[in-house]
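Listing of structure_1.cif; format and content: mmCIF, C-alpha atoms.
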```
data_protein
#
loop_
_atom_site.group_PDB
_atom_site.id
_atom_site.type_symbol
_atom_site.label_atom_id
_atom_site.label_comp_id
_atom_site.auth_asym_id
_atom_site.auth_seq_id
_atom_site.Cartn_x
_atom_site.Cartn_y
_atom_site.Cartn_z
ATOM 1 C CA MET A 12 -61.615 -122.980 -4.992
ATOM 2 C CA GLU A 13 -64.511 -124.594 -6.951
ATOM 3 C CA ALA A 14 -64.030 -127.802 -4.982
ATOM 4 C CA PHE A 15 -65.093 -125.924 -1.828
ATOM 5 C CA ARG A 16 -68.349 -124.604 -3.250
ATOM 6 C CA SER A 17 -71.559 -126.577 -2.954
ATOM 7 C CA PRO A 18 -73.311 -127.149 -6.306
ATOM 8 C CA LYS A 19 -76.355 -125.031 -7.019
ATOM 9 C CA ASN A 20 -79.801 -126.544 -6.534
ATOM 10 C CA PRO A 21 -80.581 -129.001 -9.308
ATOM 11 C CA ILE A 22 -83.017 -127.963 -12.012
ATOM 12 C CA SER A 23 -86.359 -129.747 -11.835
ATOM 13 C CA ARG A 24 -87.214 -131.910 -14.821
ATOM 14 C CA ASP A 25 -90.896 -131.761 -13.852
ATOM 15 C CA LYS A 26 -91.240 -128.026 -14.450
ATOM 16 C CA PRO A 27 -91.441 -126.784 -18.008
ATOM 17 C CA ASP A 28 -89.881 -123.467 -17.132
ATOM 18 C CA GLY A 29 -86.831 -125.205 -15.613
ATOM 19 C CA ALA A 30 -87.229 -123.344 -12.312
ATOM 20 C CA ALA A 31 -84.895 -124.396 -9.525
ATOM 21 C CA VAL A 32 -86.482 -126.580 -6.869
ATOM 22 C CA PRO A 33 -84.896 -126.196 -3.412
ATOM 23 C CA VAL A 34 -83.649 -129.460 -1.939
ATOM 24 C CA PRO A 35 -84.743 -129.890 1.711
ATOM 25 C CA VAL A 36 -81.813 -129.897 4.132
ATOM 26 C CA THR A 37 -81.809 -132.997 6.321
ATOM 27 C CA ILE A 38 -79.127 -133.176 9.011
ATOM 28 C CA PRO A 39 -78.581 -136.697 10.412
ATOM 29 C CA ALA A 40 -78.350 -137.329 14.141
ATOM 30 C CA SER A 41 -74.817 -137.102 15.587
ATOM 31 C CA PRO A 42 -74.108 -140.884 15.726
ATOM 32 C CA PHE A 43 -74.532 -141.054 11.948
ATOM 33 C CA MET A 44 -71.838 -138.472 11.218
ATOM 34 C CA GLN A 45 -68.046 -138.541 11.601
ATOM 35 C CA LYS A 46 -66.807 -136.310 14.409
ATOM 36 C CA LEU A 47 -64.221 -133.827 13.161
ATOM 37 C CA GLY A 48 -63.503 -131.879 16.316
ATOM 38 C CA TYR A 49 -64.964 -129.883 19.163
ATOM 39 C CA GLY A 50 -64.996 -126.451 20.744
ATOM 40 C CA THR A 51 -66.465 -124.836 23.836
ATOM 41 C CA GLY A 52 -69.876 -126.447 24.200
ATOM 42 C CA VAL A 53 -70.021 -127.684 20.604
ATOM 43 C CA ASN A 54 -68.986 -130.616 18.430
ATOM 44 C CA VAL A 55 -68.244 -130.488 14.695
ATOM 45 C CA TYR A 56 -69.205 -133.344 12.394
ATOM 46 C CA LEU A 57 -68.640 -134.298 8.780
ATOM 47 C CA MET A 58 -71.909 -134.596 6.843
ATOM 48 C CA ARG A 59 -71.601 -136.445 3.552
ATOM 49 C CA ARG A 60 -74.354 -135.436 1.124
ATOM 50 C CA SER A 61 -75.802 -137.417 -1.767
ATOM 51 C CA PRO A 62 -79.401 -136.241 -2.301
ATOM 52 C CA ARG A 63 -81.266 -138.027 -5.099
ATOM 53 C CA GLY A 64 -78.192 -140.108 -5.770
ATOM 54 C CA LEU A 65 -76.102 -137.069 -6.682
ATOM 55 C CA SER A 66 -72.574 -136.721 -5.344
ATOM 56 C CA ARG A 67 -72.207 -133.382 -3.569
ATOM 57 C CA SER A 68 -69.509 -131.654 -1.562
ATOM 58 C CA PRO A 69 -69.639 -132.532 2.165
ATOM 59 C CA TRP A 70 -70.529 -130.068 4.901
ATOM 60 C CA ALA A 71 -69.096 -129.464 8.356
ATOM 61 C CA VAL A 72 -71.934 -129.386 10.878
ATOM 62 C CA LYS A 73 -71.635 -127.660 14.240
ATOM 63 C CA LYS A 74 -73.963 -128.898 16.978
ATOM 64 C CA ILE A 75 -74.380 -128.160 20.674
ATOM 65 C CA ASN A 76 -72.762 -130.826 22.856
ATOM 66 C CA SER A 77 -75.615 -132.906 24.307
ATOM 67 C CA LYS A 78 -73.649 -133.352 27.547
ATOM 68 C CA CYS A 79 -73.985 -129.645 28.365
ATOM 69 C CA THR A 80 -76.431 -128.651 31.102
ATOM 70 C CA SER A 81 -79.694 -126.945 30.141
ATOM 71 C CA SER A 82 -78.350 -123.512 31.116
ATOM 72 C CA GLN A 83 -75.133 -124.119 29.166
ATOM 73 C CA GLN A 84 -77.068 -125.296 26.119
ATOM 74 C CA SER A 85 -79.066 -122.061 26.185
ATOM 75 C CA ILE A 86 -75.861 -119.964 26.172
ATOM 76 C CA TYR A 87 -74.176 -122.004 23.446
ATOM 77 C CA GLN A 88 -77.348 -122.038 21.342
ATOM 78 C CA GLN A 89 -77.430 -118.250 21.475
ATOM 79 C CA ARG A 90 -73.798 -118.161 20.314
ATOM 80 C CA LEU A 91 -74.580 -120.599 17.507
ATOM 81 C CA ASN A 92 -77.527 -118.463 16.410
ATOM 82 C CA GLU A 93 -75.267 -115.422 16.324
ATOM 83 C CA GLU A 94 -72.547 -117.281 14.439
ATOM 84 C CA ALA A 95 -75.060 -118.405 11.808
ATOM 85 C CA LYS A 96 -76.293 -114.832 11.386
ATOM 86 C CA ILE A 97 -72.742 -113.494 10.968
ATOM 87 C CA LEU A 98 -71.487 -116.306 8.743
ATOM 88 C CA LYS A 99 -74.450 -115.990 6.379
ATOM 89 C CA ASP A 100 -73.275 -112.495 5.487
ATOM 90 C CA LEU A 101 -69.661 -113.507 4.765
ATOM 91 C CA GLN A 102 -68.270 -114.646 1.444
ATOM 92 C CA HIS A 103 -64.518 -114.925 0.999
ATOM 93 C CA PRO A 104 -62.179 -117.711 -0.189
ATOM 94 C CA ASN A 105 -60.262 -117.589 3.106
ATOM 95 C CA ILE A 106 -63.325 -117.679 5.367
ATOM 96 C CA VAL A 107 -65.287 -120.896 5.839
ATOM 97 C CA GLY A 108 -68.641 -120.425 4.084
ATOM 98 C CA TYR A 109 -72.219 -120.665 5.355
ATOM 99 C CA ARG A 110 -74.458 -123.470 4.063
ATOM 100 C CA ALA A 111 -77.545 -123.793 6.304
ATOM 101 C CA PHE A 112 -78.942 -123.274 9.796
ATOM 102 C CA THR A 113 -81.549 -125.869 10.513
ATOM 103 C CA GLU A 114 -82.890 -128.548 12.842
ATOM 104 C CA ALA A 115 -81.355 -132.026 12.833
ATOM 105 C CA ASN A 116 -83.329 -135.265 12.996
ATOM 106 C CA ASP A 117 -82.673 -135.414 16.732
ATOM 107 C CA GLY A 118 -84.280 -131.994 17.247
ATOM 108 C CA SER A 119 -81.067 -130.018 17.862
ATOM 109 C CA MET A 120 -80.321 -126.843 15.933
ATOM 110 C CA CYS A 121 -77.150 -127.002 13.861
ATOM 111 C CA LEU A 122 -75.023 -124.789 11.697
ATOM 112 C CA ALA A 123 -73.936 -126.367 8.416
ATOM 113 C CA MET A 124 -70.786 -124.867 6.921
ATOM 114 C CA GLU A 125 -68.458 -125.360 4.015
ATOM 115 C CA TYR A 126 -66.145 -128.277 4.673
ATOM 116 C CA GLY A 127 -62.759 -126.595 4.646
ATOM 117 C CA GLY A 128 -60.647 -129.678 5.303
ATOM 118 C CA GLU A 129 -60.299 -132.635 7.634
ATOM 119 C CA LYS A 130 -57.697 -131.013 9.856
ATOM 120 C CA SER A 131 -57.199 -127.785 11.694
ATOM 121 C CA LEU A 132 -53.820 -126.104 11.841
ATOM 122 C CA THR A 133 -53.622 -127.274 15.462
ATOM 123 C CA ASP A 134 -53.958 -130.908 14.315
ATOM 124 C CA LEU A 135 -51.100 -130.440 11.855
ATOM 125 C CA ILE A 136 -48.928 -128.737 14.485
ATOM 126 C CA GLU A 137 -49.507 -131.583 16.947
ATOM 127 C CA GLU A 138 -48.739 -134.198 14.290
ATOM 128 C CA ARG A 139 -45.507 -132.444 13.337
ATOM 129 C CA SER A 140 -44.512 -132.105 16.988
ATOM 130 C CA ALA A 141 -45.146 -135.814 17.640
ATOM 131 C CA LYS A 142 -42.884 -136.707 14.729
ATOM 132 C CA LYS A 143 -40.227 -134.235 15.968
ATOM 133 C CA LEU A 144 -39.974 -132.608 12.549
ATOM 134 C CA GLY A 145 -39.202 -129.121 13.833
ATOM 135 C CA PRO A 146 -40.701 -125.846 12.520
ATOM 136 C CA PHE A 147 -42.908 -125.864 9.449
ATOM 137 C CA PRO A 148 -41.001 -124.782 6.321
ATOM 138 C CA ALA A 149 -40.895 -120.996 5.934
ATOM 139 C CA ALA A 150 -42.783 -121.268 2.622
ATOM 140 C CA THR A 151 -45.661 -123.097 4.349
ATOM 141 C CA ILE A 152 -45.889 -120.549 7.159
ATOM 142 C CA PHE A 153 -45.810 -117.763 4.548
ATOM 143 C CA LYS A 154 -48.748 -119.398 2.739
ATOM 144 C CA VAL A 155 -50.743 -119.567 5.985
ATOM 145 C CA ALA A 156 -49.871 -115.959 6.854
ATOM 146 C CA LEU A 157 -50.947 -114.753 3.408
ATOM 147 C CA SER A 158 -54.281 -116.622 3.512
ATOM 148 C CA MET A 159 -55.044 -115.464 7.059
ATOM 149 C CA ALA A 160 -54.121 -111.853 6.223
ATOM 150 C CA ARG A 161 -56.520 -111.924 3.266
ATOM 151 C CA GLY A 162 -59.299 -113.281 5.450
ATOM 152 C CA LEU A 163 -58.642 -110.792 8.260
ATOM 153 C CA LYS A 164 -58.502 -107.835 5.861
ATOM 154 C CA TYR A 165 -61.913 -108.875 4.540
ATOM 155 C CA LEU A 166 -63.363 -109.167 8.060
ATOM 156 C CA HIS A 167 -61.845 -105.922 9.350
ATOM 157 C CA ASN A 168 -62.110 -103.622 6.333
ATOM 158 C CA ASP A 169 -65.040 -104.962 4.322
ATOM 159 C CA LYS A 170 -67.274 -106.303 7.099
ATOM 160 C CA LYS A 171 -66.088 -104.208 10.055
ATOM 161 C CA LEU A 172 -65.815 -107.316 12.206
ATOM 162 C CA LEU A 173 -63.248 -108.415 14.764
ATOM 163 C CA HIS A 174 -62.899 -112.209 14.598
ATOM 164 C CA GLY A 175 -62.212 -112.305 18.317
ATOM 165 C CA ASP A 176 -60.637 -115.755 18.619
ATOM 166 C CA ILE A 177 -57.784 -116.176 16.146
ATOM 167 C CA LYS A 178 -55.603 -119.231 16.889
ATOM 168 C CA SER A 179 -54.398 -122.344 15.090
ATOM 169 C CA SER A 180 -57.493 -124.390 15.961
ATOM 170 C CA ASN A 181 -59.647 -121.833 14.129
ATOM 171 C CA VAL A 182 -57.751 -122.277 10.878
ATOM 172 C CA VAL A 183 -58.717 -125.237 8.675
ATOM 173 C CA VAL A 184 -56.438 -126.669 6.019
ATOM 174 C CA LYS A 185 -57.242 -128.678 2.907
ATOM 175 C CA GLY A 186 -54.690 -131.261 1.788
ATOM 176 C CA ASP A 187 -51.101 -130.097 1.662
ATOM 177 C CA PHE A 188 -52.010 -126.464 2.417
ATOM 178 C CA GLU A 189 -53.886 -126.233 -0.899
ATOM 179 C CA ALA A 190 -56.501 -124.034 0.769
ATOM 180 C CA ILE A 191 -56.413 -122.271 4.153
ATOM 181 C CA LYS A 192 -59.522 -120.809 5.760
ATOM 182 C CA ILE A 193 -60.402 -119.028 8.994
ATOM 183 C CA CYS A 194 -63.379 -120.518 10.823
ATOM 184 C CA ASP A 195 -65.477 -120.025 13.976
ATOM 185 C CA VAL A 196 -66.836 -116.472 13.850
ATOM 186 C CA GLY A 197 -69.176 -117.157 16.784
ATOM 187 C CA VAL A 198 -67.552 -114.582 19.078
ATOM 188 C CA SER A 199 -66.983 -111.892 16.436
ATOM 189 C CA LEU A 200 -67.548 -108.283 17.480
ATOM 190 C CA PRO A 201 -68.584 -105.266 15.365
ATOM 191 C CA LEU A 202 -65.960 -102.583 14.759
ATOM 192 C CA ASP A 203 -66.786 -98.890 14.419
ATOM 193 C CA GLU A 204 -65.251 -96.468 11.895
ATOM 194 C CA ASN A 205 -62.130 -96.280 14.106
ATOM 195 C CA MET A 206 -61.721 -100.081 14.048
ATOM 196 C CA THR A 207 -62.706 -100.171 17.724
ATOM 197 C CA VAL A 208 -65.201 -102.311 19.638
ATOM 198 C CA SER A 209 -67.091 -99.376 21.090
ATOM 199 C CA ASP A 210 -70.212 -101.076 22.498
ATOM 200 C CA PRO A 211 -69.575 -101.389 26.273
ATOM 201 C CA GLU A 212 -71.983 -104.322 26.516
ATOM 202 C CA LEU A 213 -69.912 -106.448 24.157
ATOM 203 C CA CYS A 214 -67.162 -108.584 25.652
ATOM 204 C CA TYR A 215 -64.017 -109.875 23.962
ATOM 205 C CA ILE A 216 -63.931 -113.642 24.487
ATOM 206 C CA GLY A 217 -60.739 -114.911 22.853
ATOM 207 C CA THR A 218 -58.693 -117.814 24.209
ATOM 208 C CA GLU A 219 -56.326 -117.068 27.084
ATOM 209 C CA PRO A 220 -52.865 -117.929 25.632
ATOM 210 C CA TRP A 221 -53.608 -115.844 22.505
ATOM 211 C CA LYS A 222 -55.080 -112.814 24.280
ATOM 212 C CA PRO A 223 -53.326 -109.441 23.837
ATOM 213 C CA LYS A 224 -52.486 -107.272 26.812
ATOM 214 C CA GLU A 225 -55.449 -104.943 26.282
ATOM 215 C CA ALA A 226 -57.905 -107.865 26.485
ATOM 216 C CA LEU A 227 -56.479 -108.824 29.884
ATOM 217 C CA GLU A 228 -57.070 -105.353 31.351
ATOM 218 C CA ASP A 229 -60.446 -104.282 32.730
ATOM 219 C CA SER A 230 -60.277 -100.934 30.947
ATOM 220 C CA GLY A 231 -58.487 -102.169 27.842
ATOM 221 C CA VAL A 232 -59.696 -100.808 24.489
ATOM 222 C CA ILE A 233 -60.284 -103.605 21.968
ATOM 223 C CA THR A 234 -59.543 -102.850 18.321
ATOM 224 C CA ASP A 235 -58.822 -104.793 15.135
ATOM 225 C CA ARG A 236 -55.238 -105.086 16.441
ATOM 226 C CA ALA A 237 -56.399 -107.710 18.973
ATOM 227 C CA ASP A 238 -56.782 -110.127 16.050
ATOM 228 C CA ILE A 239 -53.331 -109.110 14.809
ATOM 229 C CA PHE A 240 -51.682 -110.074 18.105
ATOM 230 C CA ALA A 241 -53.313 -113.521 17.942
ATOM 231 C CA PHE A 242 -52.350 -113.779 14.261
ATOM 232 C CA GLY A 243 -48.702 -113.218 15.240
ATOM 233 C CA LEU A 244 -48.930 -115.960 17.858
ATOM 234 C CA THR A 245 -50.414 -118.333 15.276
ATOM 235 C CA LEU A 246 -47.270 -117.869 13.181
ATOM 236 C CA TRP A 247 -45.238 -118.489 16.350
ATOM 237 C CA GLU A 248 -47.126 -121.769 16.852
ATOM 238 C CA MET A 249 -45.950 -122.955 13.435
ATOM 239 C CA MET A 250 -42.350 -122.015 14.200
ATOM 240 C CA THR A 251 -42.282 -123.622 17.667
ATOM 241 C CA LEU A 252 -44.990 -126.329 17.510
ATOM 242 C CA SER A 253 -46.133 -125.109 20.929
ATOM 243 C CA VAL A 254 -49.033 -123.348 22.633
ATOM 244 C CA PRO A 255 -48.089 -119.765 23.605
ATOM 245 C CA HIS A 256 -46.745 -119.488 27.174
ATOM 246 C CA LEU A 257 -47.862 -122.990 28.153
ATOM 247 C CA SER A 258 -44.356 -124.392 28.516
ATOM 248 C CA LEU A 259 -43.319 -121.779 31.099
ATOM 249 C CA GLY A 260 -42.207 -123.277 34.352
ATOM 250 C CA GLU A 261 -42.099 -126.849 33.047
ATOM 251 C CA ASP A 262 -39.139 -129.064 33.826
ATOM 252 C CA SER A 263 -37.241 -129.164 30.541
ATOM 253 C CA GLY A 264 -34.832 -131.897 31.636
ATOM 254 C CA ASP A 265 -36.595 -134.580 29.583
ATOM 255 C CA GLU A 266 -37.496 -133.564 26.046
ATOM 256 C CA ASP A 267 -39.703 -136.640 25.624
ATOM 257 C CA GLU A 268 -41.788 -135.787 28.629
ATOM 258 C CA SER A 269 -45.258 -134.481 27.776
ATOM 259 C CA PHE A 270 -46.911 -131.539 29.481
ATOM 260 C CA ASP A 271 -47.259 -132.180 33.200
ATOM 261 C CA GLU A 272 -49.857 -130.029 34.928
ATOM 262 C CA ASP A 273 -48.289 -130.694 38.337
ATOM 263 C CA CYS A 274 -45.000 -129.112 37.182
ATOM 264 C CA PHE A 275 -46.695 -126.102 35.624
ATOM 265 C CA ASP A 276 -45.737 -122.689 37.019
ATOM 266 C CA GLU A 277 -49.068 -120.915 37.048
ATOM 267 C CA ASP A 278 -47.629 -117.582 38.207
ATOM 268 C CA ALA A 279 -45.106 -117.517 35.350
ATOM 269 C CA TYR A 280 -47.829 -118.396 32.851
ATOM 270 C CA TYR A 281 -50.184 -115.605 33.941
ATOM 271 C CA ALA A 282 -47.335 -113.093 34.108
ATOM 272 C CA ALA A 283 -46.430 -113.924 30.502
ATOM 273 C CA LEU A 284 -49.929 -113.588 29.026
ATOM 274 C CA GLY A 285 -50.166 -110.706 26.558
ATOM 275 C CA THR A 286 -46.401 -110.632 25.980
ATOM 276 C CA ARG A 287 -44.232 -111.848 23.092
ATOM 277 C CA PRO A 288 -42.986 -115.415 23.685
ATOM 278 C CA ALA A 289 -39.410 -116.275 22.811
ATOM 279 C CA LEU A 290 -38.320 -118.031 19.626
ATOM 280 C CA ASN A 291 -35.591 -120.648 19.415
ATOM 281 C CA MET A 292 -33.526 -118.870 16.772
ATOM 282 C CA GLU A 293 -31.176 -121.836 16.396
ATOM 283 C CA GLU A 294 -33.969 -123.741 14.641
ATOM 284 C CA LEU A 295 -34.738 -120.933 12.190
ATOM 285 C CA ASP A 296 -32.499 -120.265 9.192
ATOM 286 C CA PRO A 297 -32.472 -116.989 7.157
ATOM 287 C CA SER A 298 -35.513 -118.116 5.101
ATOM 288 C CA TYR A 299 -37.663 -117.359 8.163
ATOM 289 C CA GLN A 300 -36.531 -113.734 8.584
ATOM 290 C CA LEU A 301 -39.628 -112.093 7.100
ATOM 291 C CA LEU A 302 -41.866 -114.285 9.246
ATOM 292 C CA ILE A 303 -39.821 -113.565 12.373
ATOM 293 C CA ASP A 304 -40.065 -109.827 11.688
ATOM 294 C CA LEU A 305 -43.819 -110.151 11.099
ATOM 295 C CA PHE A 306 -44.302 -112.135 14.297
ATOM 296 C CA CYS A 307 -42.382 -109.526 16.299
ATOM 297 C CA VAL A 308 -44.267 -106.504 15.018
ATOM 298 C CA CYS A 309 -47.661 -108.212 15.368
ATOM 299 C CA THR A 310 -47.016 -109.156 18.996
ATOM 300 C CA ASN A 311 -46.041 -105.692 20.186
ATOM 301 C CA GLU A 312 -47.712 -105.105 23.561
ATOM 302 C CA ASP A 313 -48.824 -101.663 22.359
ATOM 303 C CA PRO A 314 -51.727 -102.279 19.929
ATOM 304 C CA LYS A 315 -51.023 -98.981 18.141
ATOM 305 C CA LYS A 316 -47.620 -100.325 17.104
ATOM 306 C CA ARG A 317 -49.089 -103.429 15.496
ATOM 307 C CA PRO A 318 -49.811 -103.312 11.747
ATOM 308 C CA SER A 319 -53.280 -103.585 10.253
ATOM 309 C CA ALA A 320 -54.349 -106.677 8.323
ATOM 310 C CA ALA A 321 -54.307 -104.565 5.156
ATOM 311 C CA SER A 322 -50.680 -103.490 5.659
ATOM 312 C CA ILE A 323 -49.628 -107.075 6.507
ATOM 313 C CA LEU A 324 -51.266 -108.268 3.293
ATOM 314 C CA GLU A 325 -49.555 -105.545 1.289
ATOM 315 C CA THR A 326 -46.148 -106.537 2.680
ATOM 316 C CA LEU A 327 -46.686 -110.244 2.024
ATOM 317 C CA GLU A 328 -47.996 -109.731 -1.508
ATOM 318 C CA GLU A 329 -45.083 -107.401 -2.281
ATOM 319 C CA SER A 330 -42.666 -110.093 -1.054
ATOM 320 C CA LEU A 331 -44.479 -112.660 -3.193
ATOM 321 C CA SER A 332 -44.165 -110.514 -6.314
ATOM 322 C CA GLN A 333 -40.400 -110.194 -5.812
ATOM 323 C CA GLU A 334 -39.788 -113.943 -5.792
#
```

In structure tokens, what does this structure look like?
Amino acid sequence: MEAFRSPKNPISRDKPDGAAVPVPVTIPASPFMQKLGYGTGVNVYLMRRSPRGLSRSPWAVKKINSKCTSSQQSIYQQRLNEEAKILKDLQHPNIVGYRAFTEANDGSMCLAMEYGGEKSLTDLIEERSAKKLGPFPAATIFKVALSMARGLKYLHNDKKLLHGDIKSSNVVVKGDFEAIKICDVGVSLPLDENMTVSDPELCYIGTEPWKPKEALEDSGVITDRADIFAFGLTLWEMMTLSVPHLSLGEDSGDEDESFDEDCFDEDAYYAALGTRPALNMEELDPSYQLLIDLFCVCTNEDPKKRPSAASILETLEESLSQE
């Protein structure tokens, strides 16, 4: 994991006591950075750093999309401020780390984070789907499940935080799954001693296809198990190379045909939200059984019947020790 940590501030040669001299953080304007991806109202860029000629680990920089309206920019800036505040207090090998929150040369405020990898899990799923390679190997999905469970246990148990938007695009991967980290804590919500979001003013955001049943109900009680439902669907994504529920109602006559919005059955899609999508069992051999079982229990419509992140981690680590 050392490769993911930024080096400490260099020691000044001008000071006899060898005291550390902070290096000013200078964020280039967007056109001078490589765009890595985007989210709601934000873009993420790769910032390569070489202060004073030193080679340093790159950062991922999140900035508000300049095309947003003034009112939108105000909302997204508030979210970015909150994300920076939350991320600064987190430190875990399976959570993308905080680096800085500062103003760029173009005057925009940006959040600099640990660079967890060039691709999100969504990117890798789409690439595999395009090549028609079928489900990820069970061992790879297991590795992702284990890393995510470790990160979620830390958020839920140690920090009393609900991530609030677990999905493949919020998981970054280094190399050939050498390191797997959860990112984007901008919509995280505090959990009380009962692992419940008890503040009535706080709203679960999430992303529609990954939302559990309770998040789709006006009076639904949101707990740590909302993340678990989305975690289960993230495993499903790796086994199906699909977005949950999005293929419902499509004409399946031509396998080469991409998603067609005109053929989409909106009623079927909305009826399916919050439920467990089907798996094509013919594509999954016995090596997937543990992952299938985990997916099923995590996507139970009753949140009380879903396991905690801690119990998922215990099960996975026990399985790992028996290999």

Hey, what comes out of the PyMOL selection byres ((chain A and resi 95) around 9) on this file? Could you write it as an MDAnalysis selection string? chainID A and resid 90:94 96:100 109 111:112 122:123 196:197

One-decimal distance in Å that lies between atom CA of Glu325 of chain A and atom CA of Lys154 of chain A: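 Calculated distance between atom CA of Lys154 of chain A and atom CA of Glu325 of chain A is 14.0 Å.
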
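Distance annotation: of A:Ser140, A:Thr207, A:Thr113, A:Thr245, the residue with the minimal separation from Ile303 of chain A is A:Thr245; atom set is all atoms listed in the file.
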
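For the pair atom CA of Ile191 of chain A and atom CA of Thr251 of chain A, the interatomic distance is 19.6 Å.
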
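In terms of minimum interatomic distance to Pro255 of chain A, A:Ser179 ranks closest within A:Asp235, A:Ile216, A:Ile323, A:Ser179, counting only C-alpha atoms.
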
Work out how far apart atom CA of Pro314 of chain A and atom CA of Asp238 of chain A are and give it in Å to one decimal. 10.1 Å

Please evaluate the PyMOL selection byres ((chain A and resi 172) around 10) against the structure above and give the resulting residues as number ranges by chain. A: 97, 163-171, 173-175, 196, 199-203, 206-208, 234-235

For Pro297 of chain A, please output as a list in words all residues within 12 Å (counting all atoms listed in the file; exclusion window: fewer than 6 positions along the same chain). Pro148, Ala149, Ile303 and Asp304 of chain A

If you count only C-alpha atoms, which residues fall within 10 Å of Ala279 of chain A, apart from same-chain ones fewer than 2 positions away, as a list in words?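 Here the answer would be His256, Leu257, Ser258, Leu259, Gly260, Phe275, Asp276, Glu277, Tyr281, Ala282, Ala283 and Leu284 of chain A.
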
Which is closer to Glu329 of chain A than all the others in A:Lys192, A:Val184, A:Leu301, A:Glu125, using all atoms listed in the file?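 Once distances to Glu329 of chain A are computed over all atoms listed in the file, the minimum belongs to A:Leu301.
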
Picked residues, the PyMOL selection byres ((chain A and resi 186) around 12), as a PyMOL selection string: chain A and resi 127-132+135+183-185+187-191

Let's have the selection written as a tab-separated table (two decimals), in the coordinates of the input, with C-alpha atoms.
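Printed below is again.tsv as written:
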```
chain	number	residue	atom	x	y	z
A	127	GLY	CA	-62.76	-126.60	4.65
A	128	GLY	CA	-60.65	-129.68	5.30
A	129	GLU	CA	-60.30	-132.64	7.63
A	130	LYS	CA	-57.70	-131.01	9.86
A	131	SER	CA	-57.20	-127.78	11.69
A	132	LEU	CA	-53.82	-126.10	11.84
A	135	LEU	CA	-51.10	-130.44	11.86
A	183	VAL	CA	-58.72	-125.24	8.68
A	184	VAL	CA	-56.44	-126.67	6.02
A	185	LYS	CA	-57.24	-128.68	2.91
A	187	ASP	CA	-51.10	-130.10	1.66
A	188	PHE	CA	-52.01	-126.46	2.42
A	189	GLU	CA	-53.89	-126.23	-0.90
A	190	ALA	CA	-56.50	-124.03	0.77
A	191	ILE	CA	-56.41	-122.27	4.15
```

Quick one: what's the axis-aligned box for segment 285-293 of chain A, all listed atoms, 3 Å on every side, centre and edges in Å to one decimal, as lines of an AutoDock Vina configuration file?
```
center_x = -40.7
center_y = -116.2
center_z = 21.5
size_x = 25.0
size_y = 17.2
size_z = 16.2
```
